[in-house]
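Colleague: The structure's right below; bear with me while I get my questions together.
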Amino acid sequence: MVCDNLNTHTLGAFYAAFDPATAWSLIRRLEFRHTPKHGSWLNIAENELSAMTRQCVHGRRFGLIGELREETAAWHQETNDKQRGVEWQFRIDDARTKLKSLYPKIKA
């Protein structure tokens with residue numbers, strides 16, 4: 001499970017939402033990975049997870065976790081071999097237009 005750094009993304013949140021036995025059974029099955037603070041790459045990671053879901057696992061069922069790991073590892077290797085990049089289209093002028101409420105008003 002990939003989590004950002006919100007204070008609600010803790011193991012304790014499972015115990016707040018579920019009875020202890022259910023919370024423990026869920027926690028045992030998950031691996032938590034926290035994103036770095038101020039990690040603007042989160043959108044890139046979300047795009048990659050979305051692409052993997054669409055291209056590799058969508059509409060398929062896996063009987064064993066090993067099968068899922070093999071399939072996603074093969075997809076991951078092929079994707080990394082392509083070395084695609086991310087081209088940011090959001091320029092400063094675009095930001096000033098679309099997010100004008102966040103920019104200070106300067107009187108000339």
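We label chains A, B, ... in the order they appear in the structure tokens, count residues from 1 in each chain, and number ligands from 1 in the order shown.
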Using DSSP on the backbone coordinates, identify all residues within chain A classified as helix (DSSP H, G or I); present the result as a count of residues only.

Modeller: 60

Colleague: What lies within 8 Å of Glu71 of chain A using only C-alpha atoms, ignoring chain neighbours under 4 positions off, as a ChimeraX atom specification?

Modeller: /A:56,67,75

Colleague: So that I can check the surroundings of segment 10-16 of chain A, please list as a VMD selection string every protein, DNA and RNA residue that reaches within 12 Å of it, counting only C-alpha atoms and ignoring chain neighbours fewer than 5 positions away.

Modeller: chain A and resid 1 to 5 21 to 28 30 to 34

Colleague: Where does DSSP see strand (DSSP E) in chain A, if you list the residues as a VMD selection string?

Modeller: chain A and resid 2 to 3 33 to 34

Colleague: Those residues you just picked out, can you put them in a file as a CSV table (one decimal), in the first residue's frame with N, CA, C and O atoms?

Modeller:
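Output contents, as saved in again_14.csv:
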```csv
chain,number,residue,atom,x,y,z
A,2,VAL,N,0.7,2.1,-1.0
A,2,VAL,CA,1.5,3.3,-1.1
A,2,VAL,C,0.7,4.4,-0.4
A,2,VAL,O,-0.5,4.6,-0.7
A,3,CYS,N,1.3,5.0,0.6
A,3,CYS,CA,0.6,6.1,1.4
A,3,CYS,C,1.4,7.4,1.4
A,3,CYS,O,2.6,7.4,1.3
A,33,ARG,N,4.3,1.4,2.1
A,33,ARG,CA,5.4,2.2,1.5
A,33,ARG,C,4.9,3.7,1.6
A,33,ARG,O,3.9,4.0,1.0
A,34,HIS,N,5.7,4.5,2.3
A,34,HIS,CA,5.3,5.9,2.4
A,34,HIS,C,6.1,6.8,1.4
A,34,HIS,O,7.2,6.5,1.1
```
